[in-house]
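**Q** Got input.txt for you, compact mmCIF, C-alpha atoms:
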```txt
# COMPACT_ATOMS: atom_id res chain seq x y z
CA MET Y 3 0.00 0.00 0.00
CA MET Y 4 2.73 2.48 0.95
CA ARG Y 5 4.53 1.63 -2.29
CA LEU Y 6 1.38 2.45 -4.20
CA VAL Y 7 1.01 5.82 -2.53
CA ALA Y 8 4.67 6.59 -3.18
CA THR Y 9 4.29 5.68 -6.84
CA LEU Y 10 1.26 7.90 -7.03
CA LEU Y 11 3.10 10.84 -5.50
CA VAL Y 12 5.90 10.44 -8.03
CA LEU Y 13 3.31 10.36 -10.81
CA ILE Y 14 1.76 13.57 -9.51
CA GLY Y 15 5.16 15.19 -9.41
CA LEU Y 16 6.05 14.10 -12.94
CA SER Y 17 2.84 15.23 -14.54
CA ALA Y 18 2.35 18.42 -12.56
CA GLY Y 19 3.46 20.46 -15.52
CA ALA Y 20 1.37 18.64 -18.08
CA GLY Y 21 -2.03 20.04 -18.92
CA MET Y 22 -1.75 23.04 -16.64
CA ALA Y 23 -2.39 25.48 -19.46
CA GLU Y 24 -5.78 24.00 -20.31
CA THR Y 25 -8.73 26.06 -19.21
CA ILE Y 26 -10.97 24.06 -16.93
CA TYR Y 27 -13.35 26.83 -15.94
CA PRO Y 28 -15.80 28.67 -18.20
CA ASP Y 29 -14.99 32.15 -19.38
CA ILE Y 30 -17.91 34.10 -17.91
CA PRO Y 31 -18.71 37.38 -19.71
CA LYS Y 32 -18.81 40.51 -17.58
CA ALA Y 33 -22.16 42.21 -16.97
CA VAL Y 34 -23.18 45.87 -16.83
CA GLY Y 35 -25.38 47.49 -14.21
CA ALA Y 36 -25.46 47.20 -10.46
CA PRO Y 37 -23.91 44.04 -8.99
CA HIS Y 38 -26.16 41.52 -7.29
CA PRO Y 39 -26.32 42.42 -3.61
CA GLU Y 40 -26.46 38.68 -2.82
CA GLY Y 41 -23.09 38.17 -4.44
CA ASN Y 42 -22.14 36.20 -7.52
CA ALA Y 43 -21.59 32.93 -5.69
CA TYR Y 44 -25.15 33.02 -4.37
CA MET Y 45 -26.63 33.93 -7.73
CA ARG Y 46 -24.65 31.19 -9.48
CA ILE Y 47 -26.28 28.57 -7.29
CA ASN Y 48 -29.74 30.04 -6.78
CA HIS Y 49 -30.64 32.12 -9.85
CA MET Y 50 -33.14 29.58 -11.08
CA ARG Y 51 -34.92 29.23 -7.75
CA LEU Y 52 -35.18 33.01 -7.41
CA MET Y 53 -36.68 33.35 -10.88
CA ARG Y 54 -39.05 30.46 -10.37
CA HIS Y 55 -40.15 31.85 -7.02
CA ASP Y 56 -40.89 35.26 -8.47
CA ARG Y 57 -42.55 33.76 -11.50
CA ASP Y 58 -45.01 32.02 -9.20
CA LEU Y 59 -45.58 35.29 -7.34
CA THR Y 60 -46.34 37.13 -10.57
CA MET Y 61 -48.21 34.49 -12.48
CA ARG Y 62 -50.23 32.79 -9.79
CA GLU Y 63 -50.65 35.57 -7.24
CA GLY Y 64 -50.59 38.61 -9.45
CA ASP Y 65 -47.83 40.34 -7.51
CA ARG Y 66 -45.94 42.39 -10.06
CA SER Y 67 -43.49 44.05 -7.65
CA ILE Y 68 -41.03 41.23 -7.93
CA LYS Y 69 -37.29 41.40 -7.53
CA TYR Y 70 -36.03 38.92 -10.12
CA SER Y 71 -37.19 38.88 -13.72
CA ILE Y 72 -35.64 37.28 -16.74
CA LYS Y 73 -35.96 40.56 -18.65
CA GLU Y 74 -33.47 42.18 -16.33
CA CYS Y 75 -31.17 39.18 -16.42
CA VAL Y 76 -30.74 39.36 -20.16
CA ALA Y 77 -30.47 43.16 -20.09
CA CYS Y 78 -27.51 43.43 -17.71
CA HIS Y 79 -25.89 40.24 -18.94
CA ALA Y 80 -26.19 41.05 -22.64
CA VAL Y 81 -23.11 40.19 -24.68
CA MET Y 82 -22.56 42.27 -27.81
CA GLY Y 83 -21.82 40.63 -31.10
CA PRO Y 84 -19.57 41.93 -33.85
CA ASP Y 85 -22.37 44.27 -34.98
CA ALA Y 86 -22.46 45.83 -31.48
CA LEU Y 87 -25.93 44.43 -30.91
CA PRO Y 88 -26.81 41.89 -28.22
CA ILE Y 89 -26.44 38.29 -29.33
CA SER Y 90 -29.07 35.61 -28.75
CA VAL Y 91 -28.62 32.39 -26.84
CA LYS Y 92 -28.27 30.56 -30.14
CA GLU Y 93 -24.90 32.23 -30.69
CA GLU Y 94 -21.58 31.30 -29.12
CA GLY Y 95 -20.57 33.51 -26.25
CA HIS Y 96 -24.03 34.24 -24.85
CA PHE Y 97 -23.77 34.83 -21.12
CA CYS Y 98 -25.96 31.91 -20.09
CA ARG Y 99 -24.23 29.46 -22.36
CA ALA Y 100 -20.82 29.84 -20.75
CA CYS Y 101 -21.73 27.93 -17.60
CA HIS Y 102 -24.69 25.96 -18.89
CA GLU Y 103 -22.60 24.24 -21.54
CA TYR Y 104 -19.83 23.60 -19.04
CA ALA Y 105 -22.25 21.93 -16.62
CA ALA Y 106 -24.42 20.36 -19.35
CA VAL Y 107 -27.54 21.98 -17.95
CA LYS Y 108 -30.26 22.67 -20.48
CA ILE Y 109 -31.73 26.18 -20.56
CA ASP Y 110 -35.50 26.02 -20.92
CA CYS Y 111 -36.13 29.75 -20.54
CA PHE Y 112 -35.54 30.79 -24.10
CA GLN Y 113 -37.95 28.44 -25.77
CA CYS Y 114 -40.53 31.09 -24.87
CA HIS Y 115 -38.62 34.09 -23.54
CA ASN Y 116 -36.36 36.37 -25.52
CA SER Y 117 -32.69 35.80 -24.83
CA LYS Y 118 -31.83 39.27 -26.12
CA PRO Y 119 -32.75 42.47 -24.34
CA GLU Y 120 -35.80 44.06 -25.89
CA GLU Y 121 -35.94 47.42 -27.70
CA GLY Y 122 -34.85 50.23 -25.45
CA PHE Y 123 -33.00 48.04 -23.00
CA VAL Y 124 -30.50 50.86 -22.59
CA ASP Y 125 -33.29 52.92 -21.05
CA LEU Y 126 -33.97 50.04 -18.70
CA LEU Y 127 -30.36 50.10 -17.61
CA LYS Y 128 -30.59 53.83 -17.00
CA GLN Y 129 -33.61 53.35 -14.76
CA MET Y 130 -31.64 51.10 -12.48
CA PRO Y 131 -30.38 52.80 -9.34
CA PRO Y 132 -26.69 53.58 -9.48
CA ALA Y 133 -24.56 51.19 -7.50
CA THR Y 134 -23.45 52.25 -4.07
CA ASP Y 135 -19.83 51.95 -3.03
CA ASP Y 136 -20.69 48.98 -0.84
CA GLU Y 137 -22.36 47.17 -3.72
CA ILE Y 138 -19.40 47.76 -5.98
CA GLN Y 139 -17.08 46.50 -3.27
CA ALA Y 140 -19.25 43.42 -2.80
CA TYR Y 141 -19.18 42.85 -6.54
CA LEU Y 142 -15.42 43.18 -6.71
CA ASP Y 143 -15.03 40.83 -3.76
CA GLY Y 144 -17.27 38.37 -5.53
CA MET Y 145 -15.23 38.64 -8.70
CA SER Y 146 -11.95 38.06 -6.92
CA GLN Y 147 -13.21 34.88 -5.25
CA MET A 247 -7.13 22.36 3.43
CA LEU A 248 -10.47 20.63 2.88
CA SER A 249 -9.84 20.57 -0.86
CA THR A 250 -6.44 18.96 -0.34
CA LEU A 251 -7.95 16.41 2.02
CA TYR A 252 -10.60 15.40 -0.51
CA ALA A 253 -8.10 15.43 -3.35
CA VAL A 254 -5.81 12.99 -1.50
CA LEU A 255 -8.85 10.94 -0.48
CA PHE A 256 -9.94 10.58 -4.10
CA TYR A 257 -6.46 9.75 -5.38
CA VAL A 258 -6.08 7.04 -2.74
CA ALA A 259 -9.63 5.76 -3.31
CA THR A 260 -9.09 5.57 -7.08
CA VAL A 261 -5.84 3.62 -6.68
CA ILE A 262 -7.45 1.22 -4.20
CA LEU A 263 -10.47 0.75 -6.46
CA ILE A 264 -8.46 0.03 -9.60
CA VAL A 265 -5.57 -1.96 -8.10
CA GLY A 266 -7.75 -3.77 -5.57
CA THR A 267 -10.39 -4.79 -8.06
CA GLY A 268 -7.68 -5.70 -10.56
CA MET A 269 -6.05 -8.02 -8.02
CA LYS A 270 -9.39 -9.65 -7.25
CA VAL A 271 -10.13 -10.14 -10.95
CA ALA A 272 -6.65 -11.64 -11.46
CA ARG A 273 -7.35 -14.07 -8.64
CA TYR A 274 -10.73 -15.00 -10.14
CA ALA A 275 -9.06 -15.58 -13.49
CA ARG A 276 -6.44 -17.89 -11.95
CA THR A 277 -8.87 -19.89 -9.82
CA PRO A 278 -9.18 -23.38 -11.33
CA ALA A 279 -12.57 -24.70 -12.38
CA PRO A 280 -11.86 -28.44 -12.33
CA LEU A 281 -15.39 -29.58 -13.07
CA LYS A 282 -17.84 -29.03 -15.87
CA ILE A 283 -20.72 -27.33 -14.03
CA PRO A 284 -22.77 -25.11 -16.35
CA VAL A 285 -26.26 -24.61 -14.99
CA SER A 286 -28.64 -26.17 -17.45
CA PRO A 287 -30.24 -25.44 -19.78
CA ALA A 288 -26.82 -24.21 -20.90
CA PRO A 289 -25.61 -23.25 -24.36
CA ARG A 290 -23.60 -25.87 -26.24
CA THR A 291 -21.43 -23.45 -28.16
CA LYS A 292 -19.05 -20.64 -27.26
CA ARG A 293 -21.22 -18.15 -29.09
CA GLY A 294 -24.18 -19.34 -27.07
CA VAL A 295 -22.26 -18.63 -23.85
CA TRP A 296 -21.58 -15.07 -25.01
CA PHE A 297 -25.28 -14.68 -25.66
CA ARG A 298 -26.15 -16.16 -22.27
CA MET A 299 -23.74 -13.84 -20.48
CA PHE A 300 -25.24 -10.90 -22.32
CA ARG A 301 -28.72 -11.88 -21.16
CA GLU A 302 -27.42 -12.36 -17.64
CA VAL A 303 -25.72 -8.96 -17.48
CA ALA A 304 -28.26 -6.97 -19.47
CA PHE A 305 -31.49 -8.51 -18.20
CA PHE A 306 -30.50 -10.39 -14.99
CA GLN A 307 -32.00 -13.51 -16.54
CA SER A 308 -31.28 -15.98 -13.74
CA LEU A 309 -32.72 -13.61 -11.14
CA PHE A 310 -35.81 -13.13 -13.29
CA LYS A 311 -36.30 -16.87 -13.42
CA SER A 312 -35.90 -17.27 -9.67
CA ASN A 313 -37.70 -14.28 -8.16
CA LYS A 314 -39.77 -11.70 -9.99
CA TRP A 315 -40.16 -9.02 -7.35
CA ILE A 316 -36.52 -9.00 -6.33
CA TRP A 317 -35.75 -8.75 -10.03
CA ILE A 318 -37.88 -5.60 -10.32
CA PHE A 319 -36.00 -3.87 -7.49
CA ALA A 320 -32.64 -5.07 -8.78
CA VAL A 321 -33.35 -3.73 -12.26
CA LEU A 322 -34.61 -0.42 -10.88
CA PHE A 323 -31.48 -0.01 -8.79
CA HIS A 324 -28.82 -1.21 -11.25
CA PHE A 325 -30.10 0.50 -14.38
CA GLY A 326 -30.99 3.62 -12.43
CA MET A 327 -27.41 3.66 -11.19
CA LEU A 328 -26.07 3.10 -14.70
CA LEU A 329 -27.91 6.16 -16.00
CA VAL A 330 -26.97 8.23 -12.96
CA LEU A 331 -23.30 7.30 -13.40
CA LEU A 332 -23.41 8.18 -17.09
CA ARG A 333 -25.02 11.49 -16.20
CA HIS A 334 -22.11 12.20 -13.85
CA LEU A 335 -19.70 12.03 -16.80
CA ARG A 336 -20.46 15.71 -17.27
CA TYR A 337 -18.15 16.41 -14.35
CA PHE A 338 -15.22 14.64 -15.99
CA THR A 339 -15.44 15.69 -19.65
CA GLN A 340 -14.80 19.10 -21.13
CA PRO A 341 -16.42 19.74 -23.54
CA VAL A 342 -19.23 17.45 -22.39
CA TRP A 343 -19.87 14.58 -24.83
CA TRP A 344 -23.06 15.13 -26.81
CA TRP A 345 -24.79 11.98 -25.62
CA VAL A 346 -23.96 12.80 -22.00
CA ASP A 347 -25.62 16.16 -22.58
CA LEU A 348 -28.62 14.35 -24.06
CA ILE A 349 -29.21 11.97 -21.13
CA GLN A 350 -29.01 14.61 -18.38
CA PRO A 351 -32.79 14.76 -17.81
CA ILE A 352 -33.12 10.96 -17.96
CA GLY A 353 -30.47 10.66 -15.28
CA VAL A 354 -32.59 12.78 -12.95
CA TYR A 355 -35.53 10.40 -13.28
CA ALA A 356 -33.16 7.48 -12.91
CA SER A 357 -32.24 8.70 -9.43
CA PHE A 358 -35.81 8.00 -8.34
CA ALA A 359 -35.62 4.51 -9.82
CA MET A 360 -32.38 3.95 -7.92
CA LEU A 361 -33.95 5.13 -4.69
CA ALA A 362 -37.02 2.93 -5.18
CA GLY A 363 -34.83 -0.09 -5.95
CA LEU A 364 -32.67 0.45 -2.88
CA GLY A 365 -35.72 0.97 -0.69
CA GLY A 366 -37.23 -2.28 -1.94
CA LEU A 367 -34.02 -4.24 -1.41
CA LEU A 368 -33.67 -2.85 2.10
CA LEU A 369 -37.29 -3.67 2.95
CA ARG A 370 -36.67 -7.18 1.65
CA ARG A 371 -33.86 -7.67 4.16
CA ILE A 372 -36.03 -6.41 7.01
CA VAL A 373 -39.44 -7.83 6.15
CA VAL A 374 -38.80 -11.28 4.65
CA PRO A 375 -37.93 -13.55 7.62
CA ARG A 376 -35.66 -15.91 5.67
CA ILE A 377 -33.67 -13.06 4.17
CA ARG A 378 -33.54 -11.29 7.49
CA TYR A 379 -32.06 -14.39 9.11
CA ILE A 380 -29.21 -14.64 6.62
CA SER A 381 -28.51 -10.88 6.39
CA ASN A 382 -25.11 -9.79 7.63
CA PRO A 383 -24.16 -6.30 8.80
CA SER A 384 -22.29 -5.81 5.53
CA ASP A 385 -25.50 -6.41 3.59
CA TYR A 386 -27.15 -3.55 5.41
CA LEU A 387 -24.01 -1.43 5.24
CA MET A 388 -23.89 -1.57 1.45
CA LEU A 389 -27.54 -0.60 1.14
CA ALA A 390 -27.10 2.20 3.69
CA LEU A 391 -24.04 3.48 1.87
CA PHE A 392 -25.84 3.58 -1.47
CA LEU A 393 -28.88 5.16 0.14
CA GLY A 394 -26.66 7.84 1.66
CA ILE A 395 -25.06 8.55 -1.71
CA VAL A 396 -28.39 8.69 -3.54
CA ILE A 397 -30.14 10.82 -0.92
CA SER A 398 -27.27 13.30 -0.62
CA GLY A 399 -27.06 13.50 -4.41
CA MET A 400 -30.77 14.06 -4.84
CA GLY A 401 -30.68 16.57 -2.00
CA MET A 402 -28.20 18.65 -3.98
CA LYS A 403 -30.39 18.38 -7.03
CA PHE A 404 -33.75 19.17 -5.50
CA LEU A 405 -33.29 20.84 -2.11
CA MET A 406 -29.95 22.51 -1.60
CA PRO A 407 -28.31 23.37 -4.90
CA VAL A 408 -24.55 23.61 -4.88
CA ASP A 409 -21.93 25.25 -7.03
CA ILE A 410 -21.56 22.49 -9.61
CA LEU A 411 -19.20 24.64 -11.67
CA ALA A 412 -16.71 24.57 -8.81
CA VAL A 413 -17.27 20.83 -8.32
CA LYS A 414 -16.50 20.20 -11.98
CA GLN A 415 -13.45 22.45 -11.77
CA PHE A 416 -12.27 20.40 -8.79
CA PHE A 417 -12.58 17.08 -10.62
CA LEU A 418 -11.18 18.30 -13.93
CA GLY A 419 -8.31 19.61 -11.81
CA LEU A 420 -7.78 16.23 -10.14
CA MET A 421 -7.57 14.64 -13.59
CA ARG A 422 -4.79 17.10 -14.42
CA PHE A 423 -3.03 16.68 -11.06
CA GLN A 424 -3.92 20.10 -9.77
CA ILE A 425 -5.97 20.80 -6.68
CA ASN A 426 -8.73 23.39 -7.06
CA GLU A 427 -11.10 24.71 -4.45
CA LEU A 428 -13.90 22.30 -3.55
CA PRO A 429 -17.04 24.13 -2.38
CA ALA A 430 -17.40 23.36 1.33
CA GLN A 431 -21.15 22.74 1.23
CA PRO A 432 -22.47 19.88 3.37
CA GLY A 433 -24.15 18.14 0.43
CA VAL A 434 -20.93 18.06 -1.59
CA LEU A 435 -18.78 16.88 1.30
CA ILE A 436 -21.18 14.12 2.41
CA HIS A 437 -21.84 12.89 -1.13
CA LEU A 438 -18.18 12.82 -2.13
CA GLY A 439 -17.07 11.37 1.20
CA LEU A 440 -19.51 8.47 0.90
CA VAL A 441 -18.50 7.86 -2.72
CA ALA A 442 -14.84 7.72 -1.68
CA ILE A 443 -15.71 5.18 1.04
CA LEU A 444 -17.58 3.12 -1.54
CA MET A 445 -14.59 3.17 -3.88
CA ILE A 446 -12.27 2.10 -1.06
CA ILE A 447 -14.34 -0.82 0.19
CA PHE A 448 -15.45 -1.98 -3.27
CA PRO A 449 -12.57 -4.46 -3.72
CA ILE A 450 -13.31 -6.15 -0.37
CA SER A 451 -17.10 -6.07 -0.56
CA LYS A 452 -19.99 -8.07 -1.95
CA LEU A 453 -20.10 -5.52 -4.76
CA LEU A 454 -17.46 -7.67 -6.44
CA HIS A 455 -20.39 -9.58 -7.93
CA ALA A 456 -20.01 -7.04 -10.76
CA PRO A 457 -16.73 -8.43 -12.11
CA GLY A 458 -17.38 -11.81 -10.48
CA VAL A 459 -20.33 -12.74 -12.71
CA PHE A 460 -17.92 -13.00 -15.64
CA PHE A 461 -15.93 -15.68 -13.82
CA ALA A 462 -18.79 -17.89 -12.63
CA PRO A 463 -18.16 -21.34 -14.15
CA SER A 464 -21.83 -22.19 -13.82
CA ARG A 465 -22.57 -19.43 -16.34
CA THR A 466 -19.45 -19.16 -18.45
CA GLN A 467 -18.88 -22.81 -19.29
CA VAL A 468 -20.02 -24.40 -22.53
CA ASP A 469 -22.25 -27.44 -22.08
CA ASN A 470 -20.09 -29.74 -24.24
CA ALA A 471 -19.05 -32.43 -21.76
CA ARG A 472 -20.18 -35.12 -24.21
CA GLU A 473 -18.28 -33.73 -27.16
CA PHE A 474 -15.04 -32.89 -25.38
CA ARG A 475 -13.34 -34.21 -22.29
CA HIS A 476 -13.03 -31.40 -19.74
CA LEU A 477 -9.46 -31.35 -18.44
CA SER A 478 -8.30 -28.51 -16.22
CA ALA A 479 -4.77 -27.20 -16.57
CA TRP A 480 -3.47 -28.71 -13.37
CA ALA A 481 -4.98 -32.12 -14.14
CA SER A 482 -3.23 -32.29 -17.49
CA GLN A 483 0.12 -32.04 -15.69
CA LEU A 484 -0.48 -35.16 -13.56
CA PRO A 485 1.85 -38.15 -14.09
CA PRO A 486 0.76 -40.54 -16.85
CA LEU A 487 -1.80 -43.21 -16.07
CA PRO A 488 -0.65 -46.72 -15.08
CA GLU A 489 -0.30 -49.27 -17.84
CA GLY A 490 -3.45 -50.93 -19.03
CA ILE A 491 -5.63 -47.84 -18.70
CA PRO A 492 -6.09 -46.07 -22.05
CA GLU A 493 -5.20 -42.38 -22.32
CA PRO A 494 -8.28 -40.20 -22.71
CA GLU A 495 -8.57 -38.42 -26.03
CA GLU A 496 -7.36 -34.84 -26.05
CA GLY A 497 -10.27 -32.49 -26.23
CA LYS A 498 -11.25 -28.84 -26.35
```
Spit out the file's structure as C-alpha cells when you get a sec.

**A**
Amino acid sequence: MMRLVATLLVLIGLSAGAGMAETIYPDIPKAVGAPHPEGNAYMRINHMRLMRHDRDLTMREGDRSIKYSIKECVACHAVMGPDALPISVKEEGHFCRACHEYAAVKIDCFQCHNSKPEEGFVDLLKQMPPATDDEIQAYLDGMSQ
Amino acid sequence: MLSTLYAVLFYVATVILIVGTGMKVARYARTPAPLKIPVSPAPRTKRGVWFRMFREVAFFQSLFKSNKWIWIFAVLFHFGMLLVLLRHLRYFTQPVWWWVDLIQPIGVYASFAMLAGLGGLLLRRIVVPRIRYISNPSDYLMLALFLGIVISGMGMKFLMPVDILAVKQFFLGLMRFQINELPAQPGVLIHLGLVAILMIIFPISKLLHAPGVFFAPSRTQVDNAREFRHLSAWASQLPPLPEGIPEPEEGK
C-alpha cells in the first residue's frame, strides 16, 4: 500500500506540468449594471430558484413588484456581437451558455422568452439605481473569489 | 485544506479501487474450475455462452427466473445507477460529450428509480424472515451506503443546490493533477465522502459480484461435456496413467 502511494506521488510530481495550461473553468462574460447584492456565488447557485419563485408570485398571485425577472437578467448580462448588438442564446458567447454548456444543464427559458434584451433596454439600464460603493465592493469581492 | 484532504482521499480511493479490483479479478481468473458445471439449460457453443452472459448482465436472466419481485427492485437499482453514473460524466469531460448532454434529464428520473430499488431491497432484508435471518451487517451497510449517496445526491439536485461549476473544476483539476477549491457545502462533502468510502471498500465487498459474474463457471462454461473431455490445466500435468488404462482423447 505504501509503495502504491509513493508511486502515485511520483506520478503527480512528474505530470504536474502537463495540462496546466488548459482552461478548466468557463470564461464568464462581464455584466453591466449594479452588482447583485447577494453576491455572484449566491446567484450562481440560486438564480433559477429566485426566478421560479418570483414567476409564481407574478403568475399565480398577481404580484408584479417582484425582484427577479428574466428581462433584467438578459439586459444586464447582454453580450454584444460583432455588430455591437446583443447576441441571442443561439450564438456562441451568450452569457448563459458559458456555464450551462460547461455543466451540461439545459436552458428552458428561451424556448418562450427572448434571450436578447428588448428594444430600449438601454433605457432600462438607466432606470436602475446607481450602484453604491458597498455594492461595488461586494461585486469586486465576488469577482476576486 | 479541505480541498487537499478530498483530493488525496480521491487519489487514494481511485488507486485502491483500480488496483484492488484488478487483483481480485486476477485471482478470479487464476482460480481453477476443475469440473464441468454449467447450470442447465446451458448453451452448447461458445457463441451461445456469449449470448447467455449478455442476457445475464443486461437482463439479470437468472434472477428473473428465480424471483420476480426482487428482479424488479434489482433492475430499478442497477439501471438507475447506470444512467446516474453516465449522467455524472459531465463532471469529468470538457467539452461534455453530446450523448452525456442528451441523457441529463433521464439521469434525474433514474435517481428515483435507484432510490425505489434500494428501498425495496432494504425492505426485503427487514421484512422477509428468511432473508432477514441470513442478512449480515455488511449487507445492510452496502444498502445504507448507497442510500446515503443517492439521498445526498438528490438533496443537492432538488433541495440545496450547490456550485456544480466549482465541483466540476475540482474534478477536472484532479484529472490534471492540480488541486482546485472544492465548495465546502455539506451536500458536496457528504456525497463525495460516501463515494470515496464506496470506492475504497469496493474491492473487499460483496459488490465484487459485478466483475465476479464474468468468472462464474456455472454461467461461463459451454455445455459440451459429451463432445469434449473437460481437463483442467493442473490435471493435465499429472503423471501418466498406469499401464493398461487407455489415455483419454485430447479435447477442447

**Q** When you look at range 253-256 of chain A with a cut-off of 7 Å (counting all atoms listed in the file), what residues show up, excluding the ones that are within fewer than 5 positions of it in the same chain? I need them as a list in words.

**A**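 Selected residues are Leu420, Ile425 and Ala442 of chain A.
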
**Q** Suppose you want the space between CA of Leu329 in chain A and CA of Ser357 in chain A; what is it in Å?

**A**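 Between CA of Leu329 in chain A and CA of Ser357 in chain A the gap works out to 8.3 Å.
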
**Q** Counting all atoms listed in the file, which of Y:Gly35, Y:Cys111, Y:Cys78, Y:Pro119 gets nearest to Arg57 in chain Y?

**A**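 Comparing Y:Gly35, Y:Cys111, Y:Cys78, Y:Pro119 against Arg57 in chain Y, the winner is Y:Cys111.
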
**Q** Dump as a VMD selection string the residues of chain A that approach chain Y to within 10 Å, counting only C-alpha atoms.

**A** chain A and resid 254 257 to 258 261 to 262 265 333 335 to 337 339 to 344 346 to 351 406 to 424

**Q** Dump as a PyMOL selection string all residues having an atom at most 12 Å from (-31.1, -31.8, -23.5), computed in the file's coordinates with only C-alpha atoms.

**A** chain A and resi 286-290+469-470+472

**Q** Just give me the gap between CA of Glu120 in chain Y and CA of Phe97 in chain Y in Å, one decimal is fine.

**A**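 Interatomic distance here is 15.9 Å.
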
**Q** State, in Å with one decimal place, the distance from CA of Ile436 in chain A to CA of Gly268 in chain A.

**A**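 Interatomic distance here is 27.3 Å.
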
**Q** Return as lines of an AutoDock Vina configuration file the centre and edge lengths, in Å with one decimal, of the box along x, y and z that encloses every atom of range 60-63 of chain Y in the file, padded by 5 Å per side.

**A**
```
center_x = -48.5
center_y = 35.0
center_z = -9.9
size_x = 14.3
size_y = 14.3
size_z = 15.2
```

**Q** Could you give me, as a list in words, the residues within 10 Å of Leu263 in chain A, counting only C-alpha atoms and dropping anything in the same chain fewer than 3 positions from it?

**A**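 So the residues in contact are Tyr257, Val258, Ala259, Thr260, Gly266, Thr267, Gly268, Met269, Ala442, Leu444, Met445, Ile446, Ile447, Phe448, Pro449 and Ile450 of chain A.
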
**Q** Could you check the closest approach to Ile109 in chain Y for each of Y:Gln139, Y:Asp29, Y:Met50, Y:His38 and tell me which residue wins, using all atoms listed in the file?

**A**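 Ranking Y:Gln139, Y:Asp29, Y:Met50, Y:His38 by distance to Ile109 in chain Y, first place goes to Y:Met50.
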